[in-house]
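Colleague: Input: one structure, supplied below.
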Amino acid sequence: MGDDEPNGWRQAEDDAARDDETTPRQTAAPPWPQPLNEAAYHGIIGEFARLVEPHTEADQAALIFQFLTYAGNLFGNRAWYRVEETRHYPNLYVTLVGDTAIARKGTSRKRIGRLARQAAPDWETNCVTSGLSTGEGLIARVRDPIYGTNRKSERELTDPGVKDKRLLVIEEEFSRPLRVMERSNNTLAAVLRQAWDGDRLSIMTRQDPITASGAIVSIIGHITNSELQAELTEVQMANGFGNRFLWPLVKRSKSLPFGGEDCAEGVNQIALKLRSAIEECVDGIVRFDEVARHQWAQAYEELTKEHFGLAGVMMARSASQVIRVALIYALLDRQSLIGASHLAAGLDIVHYSNESVRHIFNDLTGNRIVDTIMQALRNTPAGLSRTHVRDLFDRNVSADRLGAALADLMAAGKIRSHPVSTAGRPAEVFVAA
């Protein structure tokens with residue numbers, strides 16, 4: 001028993017905890033995100049989503065997020081938005097999060113895949129793949145020409161490399177590459193970070209390194225909520241891998257026991273519009289127009305705020321994600337400037353992803369001590385004293401580490417404390433905020 005907790009307080013707290021055992025309190029996860037707003041249905045993306053909506057069980061969010069990813073890769077590296085010395089190309093990493101086949105993740109992707117085949121059949125044949133396993137394997141798919149030395153010590157071309165540097169990787173079991181990345185010396189996560197950033201891809205540890213310049217890599221993944229929480233490690237979140245992705249929650253939109261129409265005529269018309277947008281894509285820097293520039297200045301501070309826990313880490317690139325999504329909407333409109341409608345669409349898309357992340361991770365931090373304390377306080381409305389907190393860890397965690405964890409939770413507004421009168425001096429009790 002701690003010096004700050006006389007017998008009278010400890011007994012009263014134990015009685016309160018026992019009284020509450022029949023109705024343990026769990027803090028509910030943040031709600032499922034509200035449906036995408038009208039802004040996200042701008043342009044041909046909205047045309048497509050509304051066209052197929054009555055005829056598919058797929059979530060509208062699944063259709064729109066994947067359409068954006070396909071379109072962004074189709075545009076390649078011809079257009080970009082510049083932030084200081086960084087070029088943001090229209091490539092996205094998107095992983096749909098939903099319960100197994102019931103969420104109809106694959107159904108939604110196939111709808112988009114058919115549209116892309118009609119708009120750009122050569123791209124669909126040559127630039128779409130699956131099977132992420134190593135960084136070297138990914139680089140090989142978009143490699144530069146390789147030169148060797150012949151018997152006369154002359155430099156000669158041994159591999160012409162890949163001409164089309166666009167690559168869309170589809171992983172309908174995204175938990176598999178997440179597990180692969182945890183293997184010793186696996187380079188996949190590092191190369192994927194380079195690819196999202198638009199950097200030259202290389203593996204410096206190879207004796208005969210292959211490189212890829214100008215590659216545009218996009219990813220569509222599918223995963224369940226439980227797999228994501230189990231397989232996405234704290235390291236992958238902390239090193240910036242996780243926040244390079246958008247993580248929209250999706251679910252089945254309706255029951256269609258006999259399926260829906262294929263909407264062939266309407267899809268053909270939208271495919272022609274998509275093809276025209278690709279052919280007319282602007283070359284070079286794309287900027288905000290004056291109205292969007294003003295609106296971006298207002299939105300930027302909120303997008304760049306720090307947020308608590310794992311969810312905060314996963315949302316740390318929100319501003320960059322908005323820019324990329326808005327760029328895709330502008331290019332689909334065959335515009336050379338990002339307008340207010342494009343920015344509004346980007347903001348809505350990233351907001352939906354962020355609300356999904358909050359729902360998935362709630363207030364988990366990835367810190368075992370902090371998360372254990374938070375869960376215990378959720379389950380004990382009467383609160384816990386410092387001694388009770390120490391008891392959660394069988395007193396195997398130092399008072400300094402526990403104090404730091406409690407301080408972090410207090411600073412984040414997740415818990416509060418108040419004094420409780422006892423037979424001796426008052427005791428400090430912590431409760432969930």
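In the structure tokens, chains take letters A, B, ... by order of appearance, with residues numbered from 1 within each chain and ligands from 1 in the order shown.
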Among stretch 52-171 of chain A, which ones does DSSP assign to strand (DSSP E) (computed from the backbone)? Answer as a VMD selection string.

Modeller: chain A and resid 79 to 83 86 to 88 93 to 97 128 to 129 146 to 149 155 to 159 166 to 171

Colleague: Need the shell around A:Asp144: protein/DNA/RNA residues with any atom at most 8 Å away, counting only C-alpha atoms. Skip same-chain ones fewer than 4 positions apart. Format as a list in words?

Modeller: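 Residues near the query, excluding close chain neighbours: Pro160, Gly161, Val162, Ile210, Thr211, Ala212 and Ser213 of chain A.
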
Colleague: Calculated over only C-alpha atoms, which of the candidates A:Asp371, A:Glu261, A:Asp283, A:Glu306 has the smallest distance to A:Tyr81?

Modeller: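 Of the candidates, the smallest distance to A:Tyr81 is held by A:Asp283.
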
Colleague: Give me, as an mmCIF file with N, CA and C atoms, in the first residue's frame, all polymer residues having an atom no more than 12 Å from A:Ile64, counting only C-alpha atoms and skipping those fewer than 6 positions away in the same chain.

Modeller:
```
data_model
loop_
_atom_site.group_PDB
_atom_site.id
_atom_site.type_symbol
_atom_site.label_atom_id
_atom_site.label_comp_id
_atom_site.auth_asym_id
_atom_site.auth_seq_id
_atom_site.Cartn_x
_atom_site.Cartn_y
_atom_site.Cartn_z
ATOM 1 N N PRO A 35 -20.850 9.029 -44.336
ATOM 2 C CA PRO A 35 -20.601 8.845 -45.780
ATOM 3 C C PRO A 35 -19.903 10.049 -46.392
ATOM 4 N N LEU A 36 -19.201 9.781 -47.477
ATOM 5 C CA LEU A 36 -18.543 10.867 -48.194
ATOM 6 C C LEU A 36 -19.549 11.934 -48.593
ATOM 7 N N ASN A 37 -19.111 13.177 -48.504
ATOM 8 C CA ASN A 37 -19.978 14.284 -48.871
ATOM 9 C C ASN A 37 -20.045 14.460 -50.387
ATOM 10 N N GLU A 38 -20.895 15.381 -50.802
ATOM 11 C CA GLU A 38 -21.083 15.638 -52.231
ATOM 12 C C GLU A 38 -19.778 16.033 -52.905
ATOM 13 N N ALA A 39 -18.888 16.692 -52.157
ATOM 14 C CA ALA A 39 -17.627 17.153 -52.749
ATOM 15 C C ALA A 39 -16.829 16.015 -53.357
ATOM 16 N N ALA A 40 -16.857 14.831 -52.731
ATOM 17 C CA ALA A 40 -16.067 13.699 -53.223
ATOM 18 C C ALA A 40 -16.608 13.132 -54.528
ATOM 19 N N TYR A 41 -17.841 13.493 -54.895
ATOM 20 C CA TYR A 41 -18.475 12.977 -56.111
ATOM 21 C C TYR A 41 -18.255 13.914 -57.305
ATOM 22 N N HIS A 42 -17.252 14.764 -57.195
ATOM 23 C CA HIS A 42 -16.983 15.717 -58.264
ATOM 24 C C HIS A 42 -16.511 15.014 -59.542
ATOM 25 N N GLY A 43 -16.974 15.500 -60.672
ATOM 26 C CA GLY A 43 -16.459 15.062 -61.963
ATOM 27 C C GLY A 43 -16.820 13.636 -62.327
ATOM 28 N N ILE A 44 -15.941 13.008 -63.126
ATOM 29 C CA ILE A 44 -16.269 11.680 -63.646
ATOM 30 C C ILE A 44 -16.210 10.611 -62.561
ATOM 31 N N ILE A 45 -15.522 10.892 -61.454
ATOM 32 C CA ILE A 45 -15.561 9.938 -60.333
ATOM 33 C C ILE A 45 -16.983 9.840 -59.810
ATOM 34 N N GLY A 46 -17.629 10.982 -59.631
ATOM 35 C CA GLY A 46 -19.021 10.973 -59.176
ATOM 36 C C GLY A 46 -19.950 10.342 -60.187
ATOM 37 N N GLU A 47 -19.708 10.625 -61.471
ATOM 38 C CA GLU A 47 -20.526 10.006 -62.516
ATOM 39 C C GLU A 47 -20.459 8.488 -62.407
ATOM 40 N N PHE A 48 -19.251 7.976 -62.259
ATOM 41 C CA PHE A 48 -19.074 6.526 -62.196
ATOM 42 C C PHE A 48 -19.729 5.945 -60.947
ATOM 43 N N ALA A 49 -19.479 6.581 -59.794
ATOM 44 C CA ALA A 49 -20.027 6.049 -58.544
ATOM 45 C C ALA A 49 -21.547 6.015 -58.573
ATOM 46 N N ARG A 50 -22.158 7.073 -59.095
ATOM 47 C CA ARG A 50 -23.623 7.111 -59.141
ATOM 48 C C ARG A 50 -24.174 6.143 -60.194
ATOM 49 N N VAL A 52 -22.951 3.149 -61.056
ATOM 50 C CA VAL A 52 -22.934 1.747 -60.636
ATOM 51 C C VAL A 52 -23.588 1.529 -59.271
ATOM 52 N N GLU A 53 -23.851 2.599 -58.516
ATOM 53 C CA GLU A 53 -24.358 2.446 -57.150
ATOM 54 C C GLU A 53 -25.593 1.557 -57.051
ATOM 55 N N ALA A 58 -21.043 -2.991 -53.446
ATOM 56 C CA ALA A 58 -19.820 -2.339 -52.987
ATOM 57 C C ALA A 58 -20.120 -0.998 -52.324
ATOM 58 N N TYR A 70 -6.402 4.259 -59.216
ATOM 59 C CA TYR A 70 -6.200 3.878 -60.620
ATOM 60 C C TYR A 70 -5.872 5.106 -61.454
ATOM 61 N N ALA A 71 -6.682 6.150 -61.320
ATOM 62 C CA ALA A 71 -6.495 7.339 -62.147
ATOM 63 C C ALA A 71 -5.143 7.991 -61.880
ATOM 64 N N VAL A 94 -3.602 3.184 -51.054
ATOM 65 C CA VAL A 94 -4.917 3.058 -50.421
ATOM 66 C C VAL A 94 -5.138 1.606 -50.011
ATOM 67 N N LEU A 96 -8.204 -0.633 -48.362
ATOM 68 C CA LEU A 96 -9.578 -0.722 -47.871
ATOM 69 C C LEU A 96 -9.619 -1.633 -46.653
ATOM 70 N N LYS A 105 -14.928 -5.739 -50.998
ATOM 71 C CA LYS A 105 -13.765 -4.957 -51.435
ATOM 72 C C LYS A 105 -13.348 -5.353 -52.842
ATOM 73 N N SER A 108 -15.728 -4.109 -55.612
ATOM 74 C CA SER A 108 -15.547 -2.707 -55.985
ATOM 75 C C SER A 108 -14.329 -2.531 -56.881
ATOM 76 N N ARG A 109 -13.235 -3.232 -56.604
ATOM 77 C CA ARG A 109 -12.033 -3.071 -57.420
ATOM 78 C C ARG A 109 -12.256 -3.566 -58.844
ATOM 79 N N ARG A 111 -14.930 -3.480 -60.530
ATOM 80 C CA ARG A 111 -15.683 -2.469 -61.266
ATOM 81 C C ARG A 111 -14.736 -1.421 -61.849
ATOM 82 N N ILE A 112 -13.783 -0.970 -61.039
ATOM 83 C CA ILE A 112 -12.828 0.034 -61.502
ATOM 84 C C ILE A 112 -11.871 -0.574 -62.532
ATOM 85 N N PRO A 248 -9.471 3.784 -45.749
ATOM 86 C CA PRO A 248 -10.927 3.929 -45.640
ATOM 87 C C PRO A 248 -11.615 2.654 -45.160
ATOM 88 N N VAL A 250 -14.753 0.262 -45.174
ATOM 89 C CA VAL A 250 -15.788 -0.031 -46.163
ATOM 90 C C VAL A 250 -16.639 -1.202 -45.680
ATOM 91 N N VAL A 325 -4.711 14.013 -53.687
ATOM 92 C CA VAL A 325 -6.076 13.704 -54.120
ATOM 93 C C VAL A 325 -6.646 14.866 -54.926
ATOM 94 N N ILE A 328 -5.373 14.836 -58.441
ATOM 95 C CA ILE A 328 -6.024 13.847 -59.307
ATOM 96 C C ILE A 328 -7.366 14.366 -59.809
ATOM 97 N N TYR A 329 -8.151 14.973 -58.902
ATOM 98 C CA TYR A 329 -9.434 15.529 -59.330
ATOM 99 C C TYR A 329 -9.229 16.596 -60.408
ATOM 100 N N ALA A 345 -12.894 18.259 -52.615
ATOM 101 C CA ALA A 345 -12.932 16.801 -52.770
ATOM 102 C C ALA A 345 -11.775 16.154 -52.022
ATOM 103 N N GLY A 346 -10.571 16.710 -52.164
ATOM 104 C CA GLY A 346 -9.419 16.163 -51.463
ATOM 105 C C GLY A 346 -9.597 16.193 -49.958
ATOM 106 N N ASP A 348 -12.396 16.137 -48.307
ATOM 107 C CA ASP A 348 -13.423 15.180 -47.883
ATOM 108 C C ASP A 348 -12.889 13.753 -47.910
ATOM 109 N N ILE A 349 -12.112 13.413 -48.924
ATOM 110 C CA ILE A 349 -11.534 12.076 -49.023
ATOM 111 C C ILE A 349 -10.623 11.802 -47.840
ATOM 112 N N VAL A 350 -9.734 12.731 -47.526
ATOM 113 C CA VAL A 350 -8.784 12.516 -46.427
ATOM 114 C C VAL A 350 -9.503 12.551 -45.084
ATOM 115 N N TYR A 352 -12.480 11.413 -44.546
ATOM 116 C CA TYR A 352 -13.085 10.083 -44.391
ATOM 117 C C TYR A 352 -12.033 9.061 -43.949
ATOM 118 N N SER A 353 -10.858 9.115 -44.555
ATOM 119 C CA SER A 353 -9.792 8.194 -44.152
ATOM 120 C C SER A 353 -9.387 8.425 -42.694
#
```

Colleague: What's the separation between atom CA of A:Gln298 and atom CA of A:Ile323, in Å to one decimal place?

Modeller: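 The value is 14.0 Å.
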
Colleague: Please measure the separation of atom CA of A:Gly106 and atom CA of A:Pro177, giving the value in Å to one decimal.

Modeller: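 Interatomic distance here is 17.5 Å.
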
Colleague: Find, counting only C-alpha atoms, the residue in A:Leu63, A:Ile216, A:Ala376, A:Ala326 that gets nearest to A:Arg200.

Modeller: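 Between A:Leu63, A:Ile216, A:Ala376, A:Ala326, the residue approaching A:Arg200 most closely is A:Ile216.
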
Colleague: Any chance you could list, as a PyMOL selection string, the residues in stretch 65-136 of chain A that come up helix (DSSP H, G or I) when DSSP is run on the backbone?

Modeller: chain A and resi 65-75+100-103+105-119+121-126+135-136
